[in-house]
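Colleague: This is the content of input13.txt (compact mmCIF, C-alpha atoms and all ligand atoms):
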```
# COMPACT_ATOMS: atom_id res chain seq x y z
CA MET E 1 0.00 0.00 0.00
CA ARG E 2 1.37 3.41 -1.03
CA ILE E 3 0.24 6.69 0.49
CA SER E 4 1.25 9.93 -1.21
CA SER E 5 0.41 13.46 -0.24
CA ILE E 6 -1.40 15.78 -2.65
CA LYS E 7 -0.72 19.53 -2.53
CA THR E 8 -3.76 21.71 -1.90
CA THR E 9 -4.44 25.26 -0.80
CA THR E 10 -8.06 24.62 0.21
CA HIS E 11 -7.71 21.59 2.50
CA GLU E 12 -5.53 20.74 5.49
CA GLU E 13 -4.39 17.40 4.10
CA VAL E 14 -5.19 15.20 1.11
CA VAL E 15 -3.69 11.77 0.48
CA ARG E 16 -3.82 9.33 -2.41
CA VAL E 17 -3.92 5.67 -1.42
CA GLU E 18 -2.95 2.89 -3.79
CA ALA E 19 -2.54 -0.86 -3.39
CA ALA E 20 -2.20 -2.48 -6.80
CA GLU E 21 -2.37 -6.03 -5.42
CA CYS E 22 -6.06 -5.59 -4.49
CA GLY E 23 -7.02 -2.93 -7.07
CA LEU E 24 -7.28 -0.18 -4.46
CA LEU E 25 -7.09 3.45 -5.58
CA GLY E 26 -8.65 6.17 -3.49
CA PHE E 27 -8.29 9.46 -1.65
CA ILE E 28 -8.73 10.78 1.86
CA ALA E 29 -9.36 14.51 2.23
CA ILE E 30 -9.22 16.40 5.51
CA HIS E 31 -10.78 19.79 4.89
CA SER E 32 -10.68 21.16 8.42
CA THR E 33 -9.91 19.99 11.95
CA ARG E 34 -10.64 23.38 13.48
CA LEU E 35 -13.63 22.07 15.44
CA GLY E 36 -12.25 18.57 16.09
CA PRO E 37 -11.06 15.47 14.24
CA ALA E 38 -12.34 15.41 10.66
CA ALA E 39 -15.27 13.03 10.20
CA GLY E 40 -17.17 11.93 7.12
CA GLY E 41 -18.09 8.79 5.25
CA LEU E 42 -16.24 6.51 2.87
CA ARG E 43 -17.80 6.36 -0.60
CA MET E 44 -17.05 3.76 -3.26
CA ARG E 45 -18.13 4.54 -6.81
CA PRO E 46 -17.01 3.72 -10.35
CA TYR E 47 -15.66 7.23 -10.96
CA PRO E 48 -14.72 7.76 -14.61
CA ASP E 49 -11.16 8.75 -13.63
CA GLU E 50 -8.90 9.86 -10.77
CA ALA E 51 -9.62 13.54 -11.36
CA ALA E 52 -13.36 12.97 -10.85
CA ALA E 53 -12.75 11.05 -7.62
CA LEU E 54 -10.41 13.74 -6.32
CA GLU E 55 -12.90 16.48 -7.17
CA ASP E 56 -15.65 14.58 -5.33
CA VAL E 57 -13.60 13.98 -2.17
CA LEU E 58 -12.53 17.64 -2.02
CA ARG E 59 -16.11 18.89 -2.43
CA LEU E 60 -17.62 16.35 -0.03
CA SER E 61 -15.02 16.91 2.70
CA ARG E 62 -15.66 20.65 2.63
CA GLY E 63 -19.38 19.87 2.88
CA MET E 64 -18.67 17.79 6.01
CA THR E 65 -16.98 20.77 7.70
CA TYR E 66 -20.18 22.73 7.18
CA LYS E 67 -22.47 19.85 8.13
CA ASN E 68 -20.62 18.98 11.35
CA ALA E 69 -20.39 22.62 12.39
CA ALA E 70 -24.08 23.27 11.65
CA ALA E 71 -24.96 20.24 13.76
CA GLY E 72 -22.96 21.63 16.69
CA LEU E 73 -20.59 18.67 16.71
CA PRO E 74 -16.98 18.96 17.93
CA LEU E 75 -15.85 17.45 14.62
CA GLY E 76 -14.14 18.79 11.54
CA GLY E 77 -14.78 17.86 7.92
CA GLY E 78 -13.28 14.95 6.02
CA LYS E 79 -14.25 12.35 3.48
CA ALA E 80 -12.78 9.35 1.68
CA VAL E 81 -13.46 7.82 -1.73
CA ILE E 82 -12.44 4.59 -3.42
CA ILE E 83 -12.60 4.27 -7.19
CA GLY E 84 -14.47 1.21 -8.46
CA ASP E 85 -17.76 -0.60 -8.62
CA PRO E 86 -18.41 -1.93 -5.11
CA ALA E 87 -20.19 -4.98 -6.52
CA GLN E 88 -17.08 -5.96 -8.50
CA LEU E 89 -14.03 -4.60 -6.73
CA LYS E 90 -14.85 -4.47 -3.02
CA SER E 91 -12.98 -7.13 -1.04
CA PRO E 92 -11.79 -7.62 2.55
CA ALA E 93 -8.20 -7.02 1.38
CA LEU E 94 -9.11 -3.73 -0.32
CA LEU E 95 -11.04 -2.46 2.71
CA ALA E 96 -8.25 -3.48 5.09
CA ALA E 97 -5.61 -1.74 2.95
CA PHE E 98 -7.65 1.47 2.86
CA ALA E 99 -8.29 1.20 6.61
CA GLN E 100 -4.54 0.99 7.20
CA ALA E 101 -4.16 4.35 5.44
CA ILE E 102 -6.85 5.81 7.72
CA GLU E 103 -5.00 4.42 10.75
CA GLU E 104 -1.79 6.07 9.58
CA LEU E 105 -3.49 9.47 9.75
CA GLY E 106 -3.49 8.92 13.52
CA GLY E 107 -7.12 9.91 14.21
CA ARG E 108 -7.11 13.18 12.25
CA TYR E 109 -9.78 11.52 10.04
CA TRP E 110 -12.65 9.27 11.19
CA THR E 111 -14.52 7.29 8.59
CA ALA E 112 -18.07 5.89 8.44
CA GLU E 113 -20.51 4.38 5.96
CA ASP E 114 -21.43 6.26 2.79
CA MET E 115 -22.57 5.24 -0.71
CA GLY E 116 -21.33 1.79 -1.68
CA MET E 117 -20.61 0.80 1.94
CA THR E 118 -22.50 -1.19 4.58
CA PRO E 119 -22.18 -1.61 8.37
CA ALA E 120 -20.55 -5.01 7.62
CA ASP E 121 -17.91 -3.22 5.51
CA MET E 122 -17.26 -0.87 8.42
CA ALA E 123 -16.63 -3.95 10.59
CA GLN E 124 -14.06 -5.03 8.00
CA VAL E 125 -12.47 -1.56 8.06
CA ALA E 126 -12.31 -1.83 11.86
CA THR E 127 -9.94 -4.79 11.57
CA ALA E 128 -7.21 -2.33 10.51
CA THR E 129 -8.15 1.00 12.09
CA ARG E 130 -9.63 2.34 15.32
CA PHE E 131 -10.92 5.42 13.55
CA VAL E 132 -14.21 4.09 12.17
CA ALA E 133 -17.87 4.60 13.13
CA GLY E 134 -21.09 3.01 11.91
CA LEU E 135 -20.18 -0.44 13.20
CA PRO E 136 -22.96 -3.03 13.43
CA ASP E 137 -22.05 -4.04 16.99
CA GLY E 138 -19.72 -3.22 19.86
CA PRO E 139 -19.89 -1.01 22.96
CA PHE E 140 -20.59 2.29 21.13
CA ALA E 141 -21.77 0.88 17.78
CA SER E 142 -24.10 3.30 15.99
CA GLY E 143 -25.11 1.07 13.06
CA ASP E 144 -27.23 2.31 10.15
CA PRO E 145 -27.47 6.12 10.32
CA SER E 146 -30.46 6.36 7.94
CA PRO E 147 -33.33 6.29 10.48
CA VAL E 148 -31.77 9.21 12.39
CA THR E 149 -31.07 11.04 9.12
CA ALA E 150 -34.72 10.60 8.14
CA ARG E 151 -35.92 11.81 11.56
CA GLY E 152 -33.85 14.99 11.18
CA ILE E 153 -35.22 15.58 7.69
CA PHE E 154 -38.77 14.99 8.87
CA ASN E 155 -38.32 17.57 11.67
CA GLY E 156 -36.81 19.95 9.12
CA ILE E 157 -39.70 19.46 6.68
CA ARG E 158 -42.16 20.43 9.41
CA THR E 159 -40.10 23.52 10.27
CA THR E 160 -39.82 24.43 6.59
CA ALA E 161 -43.60 24.00 6.23
CA ARG E 162 -44.13 26.35 9.18
CA HIS E 163 -41.99 29.03 7.55
CA ARG E 164 -43.40 28.56 4.07
CA PHE E 165 -47.07 27.76 4.73
CA GLY E 166 -47.62 29.12 8.26
CA ALA E 167 -48.08 25.73 10.00
CA PRO E 168 -45.86 22.70 10.53
CA ASP E 169 -48.64 20.17 10.10
CA LEU E 170 -48.30 17.88 7.15
CA ALA E 171 -51.79 16.38 7.22
CA GLY E 172 -53.26 17.09 3.81
CA ARG E 173 -49.96 18.42 2.43
CA THR E 174 -48.32 16.67 -0.50
CA VAL E 175 -44.65 15.75 -0.41
CA ALA E 176 -42.85 14.48 -3.52
CA VAL E 177 -40.01 12.14 -2.55
CA GLN E 178 -37.22 11.45 -5.06
CA GLY E 179 -35.25 8.31 -4.14
CA LEU E 180 -36.68 5.54 -1.97
CA GLY E 181 -33.53 4.01 -0.52
CA HIS E 182 -32.43 3.92 3.12
CA VAL E 183 -33.28 7.57 3.77
CA GLY E 184 -36.26 7.90 1.41
CA GLU E 185 -38.06 4.87 2.78
CA ASN E 186 -37.62 5.90 6.43
CA LEU E 187 -38.71 9.42 5.56
CA CYS E 188 -41.82 8.22 3.70
CA ALA E 189 -42.84 6.22 6.79
CA LEU E 190 -42.58 9.32 9.01
CA LEU E 191 -44.38 11.57 6.51
CA HIS E 192 -47.12 9.02 5.99
CA GLY E 193 -47.50 8.65 9.77
CA ASP E 194 -47.99 12.41 10.00
CA GLY E 195 -50.80 12.35 7.42
CA ALA E 196 -48.90 13.68 4.40
CA ARG E 197 -49.91 12.63 0.89
CA LEU E 198 -46.94 11.25 -0.99
CA VAL E 199 -45.76 11.21 -4.58
CA VAL E 200 -42.80 8.83 -4.91
CA ALA E 201 -40.19 7.96 -7.52
CA ASP E 202 -37.10 5.79 -7.75
CA ILE E 203 -35.10 4.66 -10.77
CA ASP E 204 -35.78 1.16 -9.45
CA SER E 205 -39.40 0.84 -10.60
CA ALA E 206 -40.08 -2.19 -8.37
CA ARG E 207 -39.15 -0.04 -5.38
CA THR E 208 -41.42 2.75 -6.54
CA ARG E 209 -44.31 0.29 -6.85
CA ALA E 210 -43.63 -1.27 -3.44
CA MET E 211 -43.41 2.10 -1.66
CA ALA E 212 -46.47 3.45 -3.47
CA GLN E 213 -48.43 0.47 -2.24
CA ARG E 214 -47.08 0.60 1.31
CA PHE E 215 -47.78 4.31 1.80
CA GLY E 216 -50.79 4.76 -0.47
CA ALA E 217 -48.58 7.07 -2.53
CA ALA E 218 -48.89 8.19 -6.14
CA PRO E 219 -46.02 6.68 -8.16
CA ALA E 220 -44.17 9.01 -10.53
CA ALA E 221 -41.64 8.35 -13.28
CA PRO E 222 -38.04 9.23 -12.24
CA ASP E 223 -37.87 11.93 -14.92
CA ALA E 224 -41.19 13.44 -13.80
CA ILE E 225 -40.75 13.70 -10.02
CA LEU E 226 -38.93 17.03 -10.09
CA ALA E 227 -41.85 18.63 -11.89
CA ALA E 228 -44.55 16.91 -9.80
CA GLU E 229 -47.16 19.21 -8.29
CA ALA E 230 -46.73 19.13 -4.51
CA ASP E 231 -46.24 21.39 -1.50
CA ILE E 232 -42.74 20.13 -0.76
CA LEU E 233 -40.10 18.31 -2.78
CA ALA E 234 -37.83 16.01 -0.74
CA PRO E 235 -34.78 14.99 -2.83
CA CYS E 236 -33.36 11.78 -1.31
CA ALA E 237 -31.30 10.36 -4.17
CA ILE E 238 -28.46 12.11 -5.96
CA GLY E 239 -26.84 15.56 -5.89
CA ALA E 240 -26.96 18.56 -8.25
CA ILE E 241 -30.63 18.01 -9.06
CA LEU E 242 -31.48 21.66 -8.36
CA ASN E 243 -30.07 23.45 -11.38
CA ALA E 244 -30.81 25.91 -14.17
CA ASP E 245 -32.86 23.26 -16.02
CA SER E 246 -34.88 21.79 -13.15
CA ILE E 247 -35.63 24.88 -11.05
CA PRO E 248 -37.89 26.64 -13.61
CA ALA E 249 -39.97 23.43 -13.85
CA LEU E 250 -40.49 22.90 -10.09
CA ARG E 251 -44.12 23.06 -8.94
CA VAL E 252 -43.60 23.16 -5.16
CA GLY E 253 -43.47 25.80 -2.44
CA ALA E 254 -40.42 24.34 -0.70
CA VAL E 255 -37.53 21.90 -1.14
CA ALA E 256 -36.42 19.97 1.94
CA GLY E 257 -34.78 16.58 1.62
CA GLY E 258 -31.82 14.42 2.47
CA ALA E 259 -29.63 14.18 -0.63
CA ASN E 260 -26.17 15.73 -0.32
CA ASN E 261 -25.17 18.67 -2.53
CA GLN E 262 -28.61 19.27 -4.01
CA LEU E 263 -27.68 22.67 -5.47
CA ALA E 264 -25.64 22.26 -8.67
CA THR E 265 -24.07 25.70 -8.08
CA PRO E 266 -24.39 28.35 -5.34
CA GLU E 267 -26.42 30.45 -7.82
CA ASP E 268 -29.12 27.78 -7.75
CA GLY E 269 -29.91 28.78 -4.15
CA ALA E 270 -30.60 32.29 -5.41
CA ARG E 271 -32.61 30.86 -8.33
CA LEU E 272 -34.91 29.01 -5.91
CA HIS E 273 -35.24 32.12 -3.79
CA ALA E 274 -36.18 34.21 -6.85
CA ARG E 275 -38.95 31.71 -7.61
CA GLY E 276 -40.28 31.96 -4.04
CA ILE E 277 -39.34 28.35 -3.31
CA LEU E 278 -38.06 27.94 0.25
CA TYR E 279 -34.95 25.76 0.37
CA ALA E 280 -33.86 23.95 3.55
CA PRO E 281 -30.04 23.71 3.18
CA ASP E 282 -29.17 20.05 2.73
CA PHE E 283 -26.09 20.06 4.93
CA VAL E 284 -28.23 21.26 7.82
CA ILE E 285 -31.35 19.16 7.37
CA ASN E 286 -29.52 15.87 6.65
CA ALA E 287 -27.04 15.99 9.54
CA GLY E 288 -28.88 13.31 11.54
CA GLY E 289 -26.64 10.59 10.12
CA ILE E 290 -23.41 12.22 11.30
CA ILE E 291 -25.04 12.99 14.66
CA ASN E 292 -25.72 9.26 14.93
CA ALA E 293 -22.14 8.36 13.95
CA ALA E 294 -20.76 10.98 16.35
CA THR E 295 -22.09 8.98 19.30
CA GLU E 296 -19.57 6.32 18.35
CA ILE E 297 -16.66 8.67 17.58
CA LEU E 298 -17.18 10.65 20.78
CA ARG E 299 -18.07 7.53 22.81
CA ILE E 300 -21.33 8.97 24.08
CA THR E 301 -23.15 7.14 26.84
CA GLY E 302 -26.92 7.69 26.97
CA ARG E 303 -26.92 7.95 23.22
CA GLU E 304 -30.68 8.16 22.61
CA ALA E 305 -31.13 11.26 24.77
CA TRP E 306 -27.97 12.81 23.29
CA VAL E 307 -29.18 12.21 19.71
CA ALA E 308 -32.65 13.60 20.52
CA ASP E 309 -31.04 16.71 22.03
CA LYS E 310 -28.76 17.23 19.01
CA LEU E 311 -31.68 16.77 16.60
CA ALA E 312 -33.70 19.36 18.51
CA THR E 313 -30.76 21.79 18.36
CA LEU E 314 -30.39 21.08 14.64
CA ASP E 315 -34.02 21.94 14.09
CA ALA E 316 -33.62 25.16 16.07
CA THR E 317 -30.62 26.00 13.85
CA LEU E 318 -32.71 25.47 10.72
CA ASP E 319 -35.44 27.66 12.22
CA ARG E 320 -32.87 30.42 12.85
CA ILE E 321 -31.49 30.11 9.31
CA LEU E 322 -34.93 30.30 7.69
CA ALA E 323 -35.92 33.26 9.88
CA ARG E 324 -32.72 35.16 9.08
CA ALA E 325 -33.06 34.37 5.36
CA ALA E 326 -36.60 35.74 5.38
CA ARG E 327 -35.51 38.87 7.22
CA LEU E 328 -32.67 39.52 4.79
CA SER E 329 -34.62 38.22 1.79
CA VAL E 330 -31.77 35.95 0.67
CA SER E 331 -31.35 32.24 0.06
CA PRO E 332 -31.25 30.13 3.26
CA ASN E 333 -28.18 28.40 1.85
CA GLU E 334 -26.27 31.66 1.87
CA VAL E 335 -27.31 32.29 5.48
CA ALA E 336 -26.42 28.74 6.56
CA GLU E 337 -22.90 29.02 5.08
CA GLN E 338 -22.45 32.43 6.71
CA ILE E 339 -23.46 31.07 10.13
CA VAL E 340 -20.91 28.26 9.86
CA ASP E 341 -18.21 30.65 8.60
CA GLU E 342 -18.84 32.83 11.67
CA GLN E 343 -18.63 29.75 13.91
CA LEU E 344 -15.30 28.67 12.35
CA ALA E 345 -13.88 32.18 12.57
CA GLN E 346 -14.82 32.39 16.27
CA GLN E 347 -13.08 29.07 16.90
CA ALA E 348 -9.94 30.35 15.18
CA ALA E 349 -9.91 33.61 17.19
P1 LIG D 1 -29.53 4.67 -1.02
O1 LIG D 1 -28.49 4.25 -1.97
O2 LIG D 1 -30.00 3.72 0.04
O3 LIG D 1 -30.84 5.17 -1.78
C1 LIG D 1 -30.81 6.01 -2.89
C2 LIG D 1 -32.02 5.64 -3.74
O4 LIG D 1 -32.15 6.61 -4.78
C3 LIG D 1 -31.92 4.27 -4.41
O5 LIG D 1 -33.09 3.52 -4.17
C4 LIG D 1 -31.72 4.61 -5.90
O6 LIG D 1 -32.29 3.65 -6.75
C5 LIG D 1 -32.45 5.93 -5.99
N1 LIG D 1 -32.05 6.80 -7.09
C6 LIG D 1 -30.82 7.01 -7.60
N2 LIG D 1 -30.88 7.90 -8.61
C7 LIG D 1 -32.17 8.28 -8.72
C8 LIG D 1 -32.86 9.18 -9.56
N3 LIG D 1 -32.23 9.89 -10.49
N4 LIG D 1 -34.20 9.32 -9.39
C9 LIG D 1 -34.86 8.62 -8.45
N5 LIG D 1 -34.25 7.73 -7.64
C10 LIG D 1 -32.91 7.58 -7.76
O7 LIG D 1 -28.94 6.02 -0.35
P2 LIG D 1 -29.43 6.71 0.98
O8 LIG D 1 -28.57 6.26 2.10
O9 LIG D 1 -30.91 6.61 1.08
O10 LIG D 1 -29.03 8.21 0.68
C11 LIG D 1 -29.81 9.04 -0.16
C12 LIG D 1 -29.19 10.43 -0.23
O11 LIG D 1 -29.10 10.98 1.08
C13 LIG D 1 -27.75 10.44 -0.79
O12 LIG D 1 -27.56 11.66 -1.49
C14 LIG D 1 -26.89 10.45 0.46
O13 LIG D 1 -25.62 11.02 0.24
C15 LIG D 1 -27.74 11.34 1.37
N6 LIG D 1 -27.49 11.13 2.80
C16 LIG D 1 -27.71 9.91 3.35
C17 LIG D 1 -27.51 9.75 4.73
C18 LIG D 1 -27.77 8.43 5.39
O14 LIG D 1 -27.85 8.41 6.63
N7 LIG D 1 -27.95 7.35 4.66
C19 LIG D 1 -27.07 10.83 5.51
C20 LIG D 1 -26.89 12.08 4.91
C21 LIG D 1 -27.10 12.21 3.54
```
Would you mind giving the structure from this file in structure tokens?

Modeller:
Amino acid sequence: MRISSIKTTTHEEVVRVEAAECGLLGFIAIHSTRLGPAAGGLRMRPYPDEAAALEDVLRLSRGMTYKNAAAGLPLGGGKAVIIGDPAQLKSPALLAAFAQAIEELGGRYWTAEDMGMTPADMAQVATATRFVAGLPDGPFASGDPSPVTARGIFNGIRTTARHRFGAPDLAGRTVAVQGLGHVGENLCALLHGDGARLVVADIDSARTRAMAQRFGAAPAAPDAILAAEADILAPCAIGAILNADSIPALRVGAVAGGANNQLATPEDGARLHARGILYAPDFVINAGGIINAATEILRITGREAWVADKLATLDATLDRILARAARLSVSPNEVAEQIVDEQLAQQAA
């Protein structure tokens, strides 16, 4: 296994990890440790090339700095990516080699589950490093983060509804959910339980049918969900779906969902604002998963009460962001980034 350092002016540390014998090629990016050790998931995807993987890890690790700070966690921002199709290339040897690189960073970066990874993979990673969360069992194991992520998004949808429509209640409101995976399914269950009407879509049509049946939802085609008529759109699949093409076609009053990096560019926040569509910043509303993982990193006892407290604080933060954005008549995303920048600057002072 070979670790080499990559020069950067935007991040504290970036390393390239290669182990030809098991086909491993990946990166670990530490954006900031100003608030604590950098924490963020490990993603495995068939990136088209190294440049695309590097770009993703740099962007995602910066996002983790903002997410962890917004969630009030004593953690910095980091992320790791491995290039390759998890179904084909993932092996115990590959995970152990990557974990060894994480161990060599001495705790400056903590990893966890992200796309292409499972709690069982995290257990494999744990054979070679102490700096891993999201384990399926053990004294502080936090397991699958998705139910807590969904709970945070659900709270945030109610808060967004209060700001946009005057009341948090979802009974009789329609929510369009894009992506019915771990987060989307848990979120649909909470929304359905609160009396919301659902429109659902997934590129896996069998999943769309199953969820539509389970929640009495209207199924939509994947290419139609972003233009579905609803009160709220909850993106829970991929990033960059809010862009110059999709925003003019939206037929909702608010966007509040779990997908990371929903805005294709910062200007898209302003575009939504100009259309009168209230946007709940993704890195705030979807922080439940890292709050869940933080119980393991920080070795929290009494984890349920701690998580509930952090989720309540997160919701209060979103409330503050939406109120300030309304007062200043700017995009909530702009306000959310400003609030974190202030927090980081205070820490540095
Ligand atoms: P997942 O892989 O379990 O589910 C994603 C689902 O989206 C899949 O069912 C997939 O078929 C579907 N999908 C993919 N592209 C689609 C498209 N174009 N249209 C409709 N459906 C599509 O992933 P997840 O864990 O549910 O995460 C969903 C999103 O939330 C991701 O952006 C992830 O980064 C983000 N997120 C997840 C967590 C967590 O705790 N799991 C935490 C924070 C953020």

Colleague: Return as number ranges by chain every polymer residue, whether protein, DNA or RNA, with at least one atom no more than 9 Å from an atom of ligand LIG 1 (chain D); count all atoms listed in the file.

Modeller: E: 113-116, 144-150, 177-186, 200-205, 207-208, 221-223, 225, 235-239, 241, 257-262, 282-283, 285-290, 292

Colleague: Could you tell me how far CA of Phe154 (chain E) lies from CA of Leu187 (chain E), in Å and to one decimal?

Modeller: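 About the pair CA of Phe154 (chain E) and CA of Leu187 (chain E): they are 6.5 Å apart.
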
Colleague: Tell me which protein, DNA and RNA residues are within 7 Å of Leu242 (chain E), counting all atoms listed in the file, leaving out same-chain ones fewer than 2 positions away, and put them as a PyMOL selection string.

Modeller: chain E and resi 240+246-247+262-264+268

Colleague: Using only C-alpha atoms, pick whichever of E:Lys79, E:Arg16, E:Ala254, E:Gln100 has the shortest atom-to-atom distance to Ile157 (chain E).

Modeller: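 The closest residue to Ile157 (chain E) is E:Ala254.
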
Colleague: Return the single residue from E:Phe140, E:Tyr47, E:Phe131, E:Tyr109 that is closest to Thr295 (chain E), with distances computed using all atoms listed in the file.

Modeller: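 Nearest candidate to Thr295 (chain E) out of E:Phe140, E:Tyr47, E:Phe131, E:Tyr109: E:Phe140.
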
Colleague: So what do you get for CA of Ile3 (chain E) versus CA of Glu296 (chain E), distance-wise?

Modeller: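 Those two atoms sit 26.7 Å apart.
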
Colleague: For a test of reading the model, state the distance in Å between CA of Ala308 (chain E) and CA of Ala69 (chain E), rounded to one decimal.

Modeller: 17.3 Å

Colleague: With distances taken over all atoms listed in the file, which of E:Ala323, E:Ala256, E:Pro219, E:Leu35 is nearest to Ala70 (chain E)?

Modeller: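 The answer is E:Leu35, which sits nearest to Ala70 (chain E).
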
Colleague: I'd like to know which of E:Ala51, E:Leu311, E:Leu73, E:Ala87 is closest to Ile297 (chain E), using all atoms listed in the file.

Modeller: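 Using all atoms listed in the file, the shortest distance to Ile297 (chain E) belongs to E:Leu73.
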
Colleague: I'd like the contact shell of region 272-279 of chain E - 10 Å cut-off, only C-alpha atoms, skipping same-chain residues fewer than 3 positions apart - returned as an mmCIF file with C-alpha atoms, in the frame of the given file.

Modeller:
```cif
data_model
loop_
_atom_site.group_PDB
_atom_site.id
_atom_site.type_symbol
_atom_site.label_atom_id
_atom_site.label_comp_id
_atom_site.auth_asym_id
_atom_site.auth_seq_id
_atom_site.Cartn_x
_atom_site.Cartn_y
_atom_site.Cartn_z
ATOM 1 C CA THR E 160 -39.820 24.430 6.590
ATOM 2 C CA ALA E 161 -43.600 24.000 6.230
ATOM 3 C CA HIS E 163 -41.990 29.030 7.550
ATOM 4 C CA ARG E 164 -43.400 28.560 4.070
ATOM 5 C CA ASP E 231 -46.240 21.390 -1.500
ATOM 6 C CA ILE E 232 -42.740 20.130 -0.760
ATOM 7 C CA LEU E 233 -40.100 18.310 -2.780
ATOM 8 C CA LEU E 242 -31.480 21.660 -8.360
ATOM 9 C CA ASN E 243 -30.070 23.450 -11.380
ATOM 10 C CA ALA E 244 -30.810 25.910 -14.170
ATOM 11 C CA ILE E 247 -35.630 24.880 -11.050
ATOM 12 C CA PRO E 248 -37.890 26.640 -13.610
ATOM 13 C CA LEU E 250 -40.490 22.900 -10.090
ATOM 14 C CA ARG E 251 -44.120 23.060 -8.940
ATOM 15 C CA VAL E 252 -43.600 23.160 -5.160
ATOM 16 C CA GLY E 253 -43.470 25.800 -2.440
ATOM 17 C CA ALA E 254 -40.420 24.340 -0.700
ATOM 18 C CA VAL E 255 -37.530 21.900 -1.140
ATOM 19 C CA ALA E 256 -36.420 19.970 1.940
ATOM 20 C CA GLY E 257 -34.780 16.580 1.620
ATOM 21 C CA LEU E 263 -27.680 22.670 -5.470
ATOM 22 C CA GLU E 267 -26.420 30.450 -7.820
ATOM 23 C CA ASP E 268 -29.120 27.780 -7.750
ATOM 24 C CA GLY E 269 -29.910 28.780 -4.150
ATOM 25 C CA ASP E 282 -29.170 20.050 2.730
ATOM 26 C CA LEU E 322 -34.930 30.300 7.690
ATOM 27 C CA ALA E 325 -33.060 34.370 5.360
ATOM 28 C CA ALA E 326 -36.600 35.740 5.380
ATOM 29 C CA SER E 329 -34.620 38.220 1.790
ATOM 30 C CA VAL E 330 -31.770 35.950 0.670
ATOM 31 C CA SER E 331 -31.350 32.240 0.060
ATOM 32 C CA PRO E 332 -31.250 30.130 3.260
ATOM 33 C CA ASN E 333 -28.180 28.400 1.850
#
```

Colleague: My list of candidates is E:Gly152, E:Gly36, E:Gly72, E:Gly172. Which is closest to Asp194 (chain E) when distances are computed with only C-alpha atoms?

Modeller: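 Among the listed residues, the smallest separation from Asp194 (chain E) belongs to E:Gly172.
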
Colleague: Taking into account only C-alpha atoms, which residue in the set E:Leu105, E:Leu95, E:Ala230, E:Ala294 is nearest to Gly143 (chain E)?

Modeller: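 Of all the options, E:Ala294 lies closest to Gly143 (chain E).
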
Colleague: Using all atoms of region 109-116 of chain E that appear in the file, construct an axis-aligned enclosing box with 3 Å of padding on every side and provide its centre coordinates and edge lengths in Å, rounded to one decimal, as JSON.

Modeller:
```
{"center_x": -16.2, "center_y": 6.7, "center_z": 4.8, "size_x": 18.8, "size_y": 15.7, "size_z": 18.9}
```

Colleague: Starting from the point (-20.3, 13.8, 8.0), work out which residues of protein, DNA or RNA have an atom no more than 9 Å away when counting all atoms listed in the file; state them as a VMD selection string.

Modeller: chain E and resid 38 to 41 60 to 61 63 to 68 75 to 79 111 to 112 287 289 to 291 293 to 294

Colleague: Complete region 244-254 of chain E at the level of N, CA and C atoms, written as an mmCIF file, keeping the file's coordinate frame.

Modeller:
```
data_model
loop_
_atom_site.group_PDB
_atom_site.id
_atom_site.type_symbol
_atom_site.label_atom_id
_atom_site.label_comp_id
_atom_site.auth_asym_id
_atom_site.auth_seq_id
_atom_site.Cartn_x
_atom_site.Cartn_y
_atom_site.Cartn_z
ATOM 1 N N ALA E 244 -30.162 24.950 -13.263
ATOM 2 C CA ALA E 244 -30.810 25.910 -14.170
ATOM 3 C C ALA E 244 -31.917 25.258 -15.003
ATOM 4 N N ASP E 245 -31.819 23.957 -15.236
ATOM 5 C CA ASP E 245 -32.860 23.260 -16.020
ATOM 6 C C ASP E 245 -34.056 22.886 -15.149
ATOM 7 N N SER E 246 -33.781 22.335 -13.957
ATOM 8 C CA SER E 246 -34.880 21.790 -13.150
ATOM 9 C C SER E 246 -35.646 22.863 -12.390
ATOM 10 N N ILE E 247 -34.969 23.908 -11.936
ATOM 11 C CA ILE E 247 -35.630 24.880 -11.050
ATOM 12 C C ILE E 247 -36.828 25.571 -11.724
ATOM 13 N N PRO E 248 -36.718 26.000 -12.986
ATOM 14 C CA PRO E 248 -37.890 26.640 -13.610
ATOM 15 C C PRO E 248 -39.101 25.704 -13.702
ATOM 16 N N ALA E 249 -38.856 24.388 -13.682
ATOM 17 C CA ALA E 249 -39.970 23.430 -13.850
ATOM 18 C C ALA E 249 -40.585 22.984 -12.528
ATOM 19 N N LEU E 250 -39.970 23.357 -11.388
ATOM 20 C CA LEU E 250 -40.490 22.900 -10.090
ATOM 21 C C LEU E 250 -41.897 23.444 -9.864
ATOM 22 N N ARG E 251 -42.762 22.599 -9.269
ATOM 23 C CA ARG E 251 -44.120 23.060 -8.940
ATOM 24 C C ARG E 251 -44.393 22.804 -7.450
ATOM 25 N N VAL E 252 -43.490 23.331 -6.607
ATOM 26 C CA VAL E 252 -43.600 23.160 -5.160
ATOM 27 C C VAL E 252 -43.350 24.506 -4.474
ATOM 28 N N GLY E 253 -43.732 24.586 -3.205
ATOM 29 C CA GLY E 253 -43.470 25.800 -2.440
ATOM 30 C C GLY E 253 -42.156 25.727 -1.676
ATOM 31 N N ALA E 254 -41.650 24.500 -1.484
ATOM 32 C CA ALA E 254 -40.420 24.340 -0.700
ATOM 33 C C ALA E 254 -39.685 23.082 -1.141
#
```
